[in-house]
>>> print(open('data03.txt').read())   # compact mmCIF, C-alpha atoms
# COMPACT_ATOMS: atom_id res chain seq x y z
CA MET A 6 -10.80 28.55 0.66
CA LYS A 7 -9.41 31.73 2.19
CA ARG A 8 -5.66 31.55 2.77
CA THR A 9 -4.44 32.38 6.25
CA THR A 10 -1.56 31.91 8.67
CA TYR A 11 -1.19 30.30 12.08
CA LYS A 12 -1.11 33.75 13.64
CA LYS A 13 -4.37 34.86 12.02
CA ALA A 14 -6.35 31.62 12.02
CA ARG A 15 -8.74 30.86 14.85
CA PHE A 16 -8.04 27.86 17.07
CA VAL A 17 -10.10 26.14 19.76
CA PHE A 18 -8.41 23.53 21.93
CA TRP A 19 -10.51 20.84 23.56
CA ASP A 20 -10.18 17.91 25.94
CA ILE A 21 -12.41 15.25 27.51
CA GLU A 22 -12.30 13.79 31.01
CA SER A 23 -14.36 10.66 31.66
CA LEU A 24 -14.53 9.57 35.31
CA THR A 25 -16.70 7.11 37.21
CA ASN A 26 -19.56 9.55 37.79
CA VAL A 27 -18.36 12.75 36.09
CA PHE A 28 -18.01 13.56 32.38
CA THR A 29 -16.51 16.88 31.28
CA VAL A 30 -15.56 18.54 28.01
CA ALA A 31 -13.53 21.75 28.01
CA PHE A 32 -12.89 24.18 25.14
CA PHE A 33 -10.30 26.97 25.16
CA ASP A 34 -10.62 29.65 22.47
CA ARG A 35 -7.21 31.11 21.63
CA GLU A 36 -8.68 34.32 20.20
CA THR A 37 -11.08 35.25 22.99
CA ARG A 38 -9.21 33.37 25.76
CA ALA A 39 -12.64 32.11 26.88
CA LEU A 40 -13.04 28.74 28.54
CA ASN A 41 -16.23 26.72 27.99
CA VAL A 42 -16.70 23.79 30.34
CA PHE A 43 -19.47 21.23 29.81
CA TYR A 44 -20.11 18.91 32.74
CA LEU A 45 -22.31 15.96 33.60
CA VAL A 46 -22.42 14.66 37.18
CA ASP A 47 -24.55 11.60 37.84
CA VAL A 48 -27.41 11.56 40.33
CA GLY A 49 -26.84 9.48 43.43
CA THR A 50 -23.95 11.68 44.49
CA PRO A 51 -24.29 14.81 46.66
CA VAL A 52 -23.03 17.07 43.86
CA GLY A 53 -25.04 15.31 41.16
CA ASP A 54 -28.27 15.54 43.13
CA ALA A 55 -27.68 19.22 43.91
CA LEU A 56 -26.98 20.00 40.24
CA ARG A 57 -30.46 18.82 39.29
CA ARG A 58 -31.78 21.73 41.37
CA ARG A 59 -29.17 24.40 40.64
CA ASP A 60 -26.01 24.94 38.60
CA LEU A 61 -22.44 25.06 39.84
CA ASP A 62 -21.37 28.21 41.65
CA HIS A 63 -19.55 30.17 38.96
CA ARG A 64 -17.33 32.16 41.31
CA THR A 65 -16.12 29.07 43.16
CA VAL A 66 -15.35 27.15 39.97
CA LEU A 67 -13.56 30.14 38.41
CA ALA A 68 -11.35 30.56 41.49
CA ALA A 69 -10.45 26.85 41.44
CA ILE A 70 -9.59 26.87 37.72
CA LEU A 71 -7.45 30.00 38.04
CA LYS A 72 -5.56 28.44 40.95
CA ARG A 73 -4.92 25.14 39.19
CA ASN A 74 -4.19 26.69 35.78
CA PRO A 75 -1.81 29.66 36.28
CA ALA A 76 -0.97 29.70 32.55
CA TRP A 77 -4.60 30.58 31.79
CA ALA A 78 -4.68 33.04 34.68
CA ARG A 79 -1.67 34.89 33.26
CA LEU A 80 -3.58 35.58 30.04
CA TRP A 81 -5.82 38.05 31.89
CA LYS A 82 -4.94 41.51 33.17
CA ASN A 83 -5.80 42.40 36.75
CA SER A 84 -8.53 44.71 35.45
CA GLU A 85 -10.14 41.93 33.38
CA THR A 86 -12.62 39.27 34.42
CA PRO A 87 -11.68 35.88 32.95
CA ILE A 88 -14.37 34.45 30.68
CA LEU A 89 -15.60 31.12 32.00
CA ARG A 90 -18.85 29.60 30.76
CA LEU A 91 -20.27 26.57 32.54
CA HIS A 92 -22.77 24.28 30.81
CA ASN A 93 -24.71 21.58 32.65
CA LEU A 94 -25.15 18.60 30.32
CA ALA A 95 -28.17 17.47 32.30
CA LYS A 96 -29.97 20.26 30.42
CA TRP A 97 -31.05 20.48 26.79
CA GLU A 98 -29.43 23.87 26.14
CA ALA A 99 -25.95 22.60 27.00
CA ASN A 100 -26.20 19.59 24.68
CA HIS A 101 -27.69 21.75 21.94
CA LEU A 102 -24.67 24.06 22.18
CA LEU A 103 -22.14 21.22 22.37
CA ALA A 104 -23.53 19.64 19.20
CA ARG A 105 -23.17 22.96 17.37
CA MET A 106 -19.64 23.57 18.62
CA ILE A 107 -18.20 20.14 17.81
CA GLY A 108 -20.43 19.20 14.87
CA LEU A 109 -23.07 16.46 14.69
CA SER A 110 -23.92 14.97 11.32
CA ASP A 111 -24.42 11.44 9.98
CA ALA A 112 -24.77 12.60 6.37
CA ALA A 113 -23.25 10.42 3.67
CA SER A 114 -21.05 13.35 2.67
CA VAL A 115 -20.83 16.14 5.22
CA ASN A 116 -18.87 18.27 2.72
CA ASP A 117 -22.00 18.46 0.57
CA PRO A 118 -24.44 20.90 2.24
CA HIS A 119 -27.31 19.12 0.47
CA SER A 120 -26.38 15.69 1.87
CA GLN A 121 -29.03 15.15 4.53
CA SER A 122 -28.33 14.20 8.12
CA THR A 123 -30.86 12.74 10.53
CA TYR A 124 -29.97 15.49 13.01
CA LEU A 125 -30.79 19.19 13.01
CA ARG A 126 -29.32 21.05 10.08
CA LYS A 127 -27.69 23.62 12.37
CA TYR A 128 -25.55 20.84 13.84
CA ARG A 129 -23.75 20.32 10.53
CA PRO A 130 -20.18 21.60 10.95
CA VAL A 131 -19.01 24.31 8.59
CA CYS A 132 -16.54 22.48 6.33
CA ASP A 133 -13.35 23.83 4.81
CA THR A 134 -14.92 23.27 1.40
CA ASP A 135 -17.96 25.47 2.10
CA PRO A 136 -18.16 28.75 0.13
CA ASN A 137 -18.59 30.73 3.36
CA TYR A 138 -15.75 28.98 5.22
CA ASP A 139 -13.31 31.40 6.82
CA PRO A 140 -10.47 29.94 8.96
CA GLU A 141 -10.32 33.22 10.86
CA VAL A 142 -14.00 32.86 11.85
CA HIS A 143 -14.63 29.10 11.90
CA PRO A 144 -11.99 27.68 14.26
CA PHE A 145 -9.79 24.66 13.87
CA VAL A 146 -10.77 22.27 16.68
CA CYS A 147 -7.55 20.93 18.18
CA GLY A 148 -7.06 18.08 20.61
CA TYR A 149 -4.26 15.80 21.78
CA ASN A 150 -4.78 12.24 20.52
CA SER A 151 -8.25 13.45 19.53
CA ALA A 152 -8.33 11.54 16.25
CA ASN A 153 -8.02 8.34 18.23
CA TYR A 154 -9.78 9.07 21.53
CA ASP A 155 -11.73 12.33 21.86
CA THR A 156 -13.61 12.20 18.55
CA THR A 157 -14.47 8.55 19.22
CA LEU A 158 -15.87 9.12 22.70
CA MET A 159 -17.60 12.35 21.69
CA SER A 160 -19.39 10.63 18.81
CA ILE A 161 -20.64 8.00 21.28
CA TYR A 162 -21.88 10.66 23.67
CA LEU A 163 -23.60 12.86 21.08
CA THR A 164 -25.33 10.02 19.23
CA SER A 165 -26.58 8.66 22.54
CA VAL A 166 -27.83 11.92 23.99
CA MET A 167 -29.35 13.21 20.73
CA GLU A 168 -30.97 9.96 19.59
CA SER A 169 -34.38 11.14 20.81
CA THR A 170 -34.30 14.15 18.45
CA GLN A 171 -34.03 12.16 15.23
CA GLU A 172 -37.72 11.25 14.96
CA PRO A 173 -39.00 14.84 15.53
CA VAL A 174 -36.55 16.03 12.86
CA ARG A 175 -37.76 13.39 10.39
CA GLN A 176 -41.40 14.23 10.97
CA ALA A 177 -40.81 17.97 10.65
CA ARG A 178 -39.05 17.52 7.32
CA GLU A 179 -41.96 15.53 5.96
CA ARG A 180 -44.37 18.28 7.05
CA ALA A 181 -42.13 21.00 5.60
CA MET A 182 -42.23 19.31 2.17
CA LEU A 183 -46.00 19.92 2.11
CA ALA A 184 -45.79 23.47 3.43
CA THR A 185 -46.70 26.18 0.91
CA THR A 186 -45.67 29.36 2.73
CA ASP A 187 -42.61 30.61 4.59
CA ASP A 188 -44.73 31.28 7.67
CA GLU A 189 -45.88 27.68 7.71
CA LYS A 190 -42.31 26.42 7.36
CA ARG A 191 -41.19 28.73 10.16
CA ARG A 192 -43.93 27.42 12.44
CA ILE A 193 -42.95 23.83 11.67
CA TYR A 194 -39.33 24.63 12.53
CA GLU A 195 -40.26 26.26 15.84
CA GLU A 196 -42.50 23.32 16.75
CA MET A 197 -39.70 20.91 15.83
CA MET A 198 -37.25 22.66 18.16
CA GLU A 199 -39.73 22.51 21.03
CA THR A 200 -40.43 18.83 20.31
CA CYS A 201 -36.70 18.03 20.26
CA LYS A 202 -36.28 19.72 23.62
CA LEU A 203 -39.28 17.87 25.04
CA ALA A 204 -38.02 14.54 23.66
CA PHE A 205 -34.64 15.14 25.32
CA THR A 206 -36.30 16.03 28.63
CA CYS A 207 -38.56 12.97 28.63
CA THR A 208 -35.83 10.51 27.65
CA THR A 209 -33.65 8.69 30.16
CA HIS A 210 -30.47 10.72 30.21
CA VAL A 211 -27.07 9.36 29.28
CA THR A 212 -24.98 9.00 32.42
CA ALA A 213 -21.32 9.70 33.08
CA ALA A 214 -21.02 6.11 34.31
CA GLU A 215 -22.26 4.84 30.95
CA ILE A 216 -19.69 6.97 29.10
CA ARG A 217 -17.02 5.74 31.51
CA ARG A 218 -17.77 2.14 30.54
CA HIS A 219 -17.18 3.03 26.91
CA ASN A 220 -14.03 4.90 27.93
CA ASN A 221 -12.70 1.81 29.72
CA ALA A 222 -13.42 -0.35 26.69
CA LEU A 223 -11.44 2.02 24.47
CA PHE A 224 -8.37 1.53 26.67
CA THR A 225 -8.37 -2.25 26.43
CA ASP A 226 -5.65 -3.99 24.41
CA GLU A 227 -8.16 -4.61 21.62
CA TYR A 228 -8.85 -0.94 20.95
CA ILE A 229 -6.25 1.30 22.58
CA LEU A 230 -4.19 1.81 19.41
CA GLN A 231 -7.23 2.00 17.12
CA MET A 232 -10.12 3.35 19.18
CA PRO A 233 -12.38 4.27 16.22
CA ALA A 234 -12.70 0.53 15.50
CA TYR A 235 -14.87 0.37 18.64
CA LEU A 236 -17.54 2.32 16.77
CA THR A 237 -17.92 -0.38 14.12
CA SER A 238 -17.32 -3.60 16.06
CA SER A 239 -18.99 -3.07 19.46
CA THR A 240 -22.61 -2.75 20.55
CA VAL A 241 -22.36 0.98 19.74
CA ALA A 242 -22.73 0.07 16.05
CA LYS A 243 -26.01 -1.80 16.76
CA GLY A 244 -25.00 -4.43 14.21
CA LYS A 245 -24.53 -1.88 11.41
CA GLU A 246 -20.72 -1.95 11.50
CA TRP A 247 -19.37 0.80 9.20
CA ASP A 248 -22.89 2.10 8.70
CA GLY A 249 -23.36 2.73 12.41
CA THR A 250 -24.43 6.24 13.38
CA ALA A 251 -21.56 6.95 15.79
CA HIS A 252 -19.01 5.98 13.14
CA LYS A 253 -20.64 8.29 10.60
CA VAL A 254 -20.74 11.15 13.12
CA ARG A 255 -17.01 10.82 13.83
CA ARG A 256 -16.29 10.57 10.10
CA SER A 257 -18.13 13.84 9.54
CA MET A 258 -16.07 15.53 12.24
CA LEU A 259 -12.85 14.59 10.48
CA HIS A 260 -14.18 15.24 6.96
CA SER A 261 -15.09 18.80 7.94
CA GLY A 262 -11.38 19.55 7.57
CA ARG A 263 -11.33 21.50 10.83
CA HIS A 264 -10.35 18.85 13.39
CA LEU A 265 -6.61 18.72 14.13
CA ASP A 266 -4.85 16.14 16.28
CA ILE A 267 -1.83 17.90 17.79
CA ALA A 268 -0.31 14.57 18.85
CA ARG A 269 0.30 13.73 15.19
CA PHE A 270 2.82 16.54 14.91
CA ASN A 271 4.98 14.40 17.20
CA GLU A 272 4.98 11.34 14.94
CA LYS A 273 7.29 9.14 17.03
CA GLN A 274 5.26 9.64 20.21
CA GLN A 275 1.74 10.19 18.94
CA HIS A 276 0.40 7.37 21.12
CA VAL A 277 2.06 8.73 24.25
CA GLY A 278 -0.24 10.44 26.75
CA LEU A 279 -0.12 14.22 27.07
CA LYS A 280 1.28 14.11 30.63
CA ARG A 281 4.59 12.54 29.60
CA PRO A 282 5.66 15.12 26.96
CA ALA A 283 4.45 17.83 29.34
CA TRP A 284 6.85 16.53 31.98
CA HIS A 285 9.65 16.39 29.38
CA VAL A 286 9.41 20.12 28.79
CA GLY A 287 9.51 20.85 32.51
CA LEU A 288 5.85 21.05 33.47
CA SER A 289 5.20 19.29 36.74
CA ASP A 290 1.47 19.50 36.07
CA PRO A 291 0.28 19.27 32.38
CA ARG A 292 -2.60 21.64 33.18
CA ILE A 293 -0.09 24.47 33.89
>>> encode(input="data03.txt", output="structure tokens")
Amino acid sequence: MKRTTYKKARFVFWDIESLTNVFTVAFFDRETRALNVFYLVDVGTPVGDALRRRDLDHRTVLAAILKRNPAWARLWKNSETPILRLHNLAKWEANHLLARMIGLSDAASVNDPHSQSTYLRKYRPVCDTDPNYDPEVHPFVCGYNSANYDTTLMSIYLTSVMESTQEPVRQARERAMLATTDDEKRRIYEEMMETCKLAFTCTTHVTAAEIRRHNNALFTDEYILQMPAYLTSSTVAKGKEWDGTAHKVRRSMLHSGRHLDIARFNEKQQHVGLKRPAWHVGLSDPRI
């Protein structure tokens, strides 16, 4: 593994918000200063219905984020245009990108590139044991209480939304084993990608309300201090307990060696919400 320093290494900070009818995931890249926001707004609301016909107005959202987050606004010179990318999770492309950014693999050993996952190979996260791993290229993914909460809820979301792609991937791999030329393998891959997209489009979409129900369960007395246990003991596991897909997906995230939980640097208060330590250092709003 290439040796680096905090100053040189690449870091991406992420956070999840799960509301009654809205689900969002935001990523801030320290190197590029870019902000990627993934959003899912349920149908049955004026905004949700409108978003099935068109995306959010970029200029309006950018202005709102700059106003509510002056610390991010100060990172940009007056001559620069802040980089904000909005991704509608009602669409295949947004989920495809999210899976690549956060990592989606249920392989027995994600650190072994030859250990097969039931998901697309490109979703496998680059691990810190990979020969091509470079901490200045492949970012550390940092959250606050993410080892307990964010990775748990994200594994639930990704396994739910990408479940329909597993069968096309399996079938394509069987066909590829019989292929005799590179052109044939390339055609099988292209057809697989189109089939995965079609399967996603034709499947009943995961809703923000559904994710909110999981979110609420995680904050019950039974799970709040050990949220990953929800992945093995609830209906999410589908009776498979430790062999459940969501549990294996979260395990792969952590075993990649690139997920950091910032809350654990504050050992005595690692179960305290982000808002409280933010107030302690004088921030009236933790987003500032």
>>> closest_residue(input="data03.txt", among="A:Ser114, A:Asn150, A:Arg90, A:Met198", to="A:Arg256", atoms="only C-alpha atoms")
A:Ser114
>>> atom_distance(input="data03.txt", atom1="atom CA of A:Asp133", atom2="atom CA of A:Val30")
23.9 Å
>>> residues_around(input="data03.txt", residues="stretch 125-132 of chain A", least_positions_apart="4", cutoff="8 Å", atoms="all atoms listed in the file", output="PyMOL selection string")
chain A and resi 104-110+115-116+138+143+174+258+260-263
>>> atom_distance(input="data03.txt", atom1="atom CA of A:Asn100", atom2="atom CA of A:Ser165")
11.1 Å
>>> closest_residue(input="data03.txt", among="A:Asp155, A:Glu227, A:Asp47, A:Glu141", to="A:Thr25", atoms="all atoms listed in the file")
A:Asp47
>>> closest_residue(input="data03.txt", among="A:Met159, A:Phe43, A:Phe32, A:Arg64", to="A:Arg217", atoms="only C-alpha atoms")
A:Met159
>>> residues_around(input="data03.txt", residues="A:Gly53", least_positions_apart="6", cutoff="12 Å", atoms="all atoms listed in the file", output="PyMOL selection string")
chain A and resi 26-28+44-47+59-61+93-95+212-213
>>> atom_distance(input="data03.txt", atom1="atom CA of A:Ala152", atom2="atom CA of A:Lys7")
24.6 Å
>>> closest_residue(input="data03.txt", among="A:His92, A:Arg255, A:Arg191, A:Arg180", to="A:Tyr162", atoms="only C-alpha atoms")
A:Arg255
>>> closest_residue(input="data03.txt", among="A:Ala251, A:Thr164, A:Leu203, A:Ser122", to="A:Arg178", atoms="only C-alpha atoms")
A:Ser122
>>> closest_residue(input="data03.txt", among="A:Arg38, A:Gly148, A:Val254, A:Gln171", to="A:Lys82", atoms="only C-alpha atoms")
A:Arg38
>>> residues_near_point(input="data03.txt", point="(-28.7, 14.4, 7.4)", cutoff="7 Å", atoms="only C-alpha atoms", output="list in words")
Ser110, Asp111, Ala112, Ser120, Gln121, Ser122, Thr123 and Tyr124 of chain A
>>> residues_around(input="data03.txt", residues="A:Leu158", least_positions_apart="3", cutoff="9 Å", atoms="only C-alpha atoms", output="number ranges by chain")
A: 21, 154-155, 161-163, 216, 219-220, 223, 232-233
>>> write_last_selection(input="data03.txt", atoms="C-alpha atoms", output="short mmCIF file (atom, residue, chain, number, x, y, z; two decimals), in the frame of the given file")
data_model
loop_
_atom_site.label_atom_id
_atom_site.label_comp_id
_atom_site.auth_asym_id
_atom_site.auth_seq_id
_atom_site.Cartn_x
_atom_site.Cartn_y
_atom_site.Cartn_z
CA ILE A 21 -12.41 15.25 27.51
CA TYR A 154 -9.78 9.07 21.53
CA ASP A 155 -11.73 12.33 21.86
CA ILE A 161 -20.64 8.00 21.28
CA TYR A 162 -21.88 10.66 23.67
CA LEU A 163 -23.60 12.86 21.08
CA ILE A 216 -19.69 6.97 29.10
CA HIS A 219 -17.18 3.03 26.91
CA ASN A 220 -14.03 4.90 27.93
CA LEU A 223 -11.44 2.02 24.47
CA MET A 232 -10.12 3.35 19.18
CA PRO A 233 -12.38 4.27 16.22
#
>>> residues_near_point(input="data03.txt", point="(-17.7, 29.7, 27.9)", cutoff="9 Å", atoms="only C-alpha atoms", output="ChimeraX atom specification")
/A:31-34,39-43,88-92
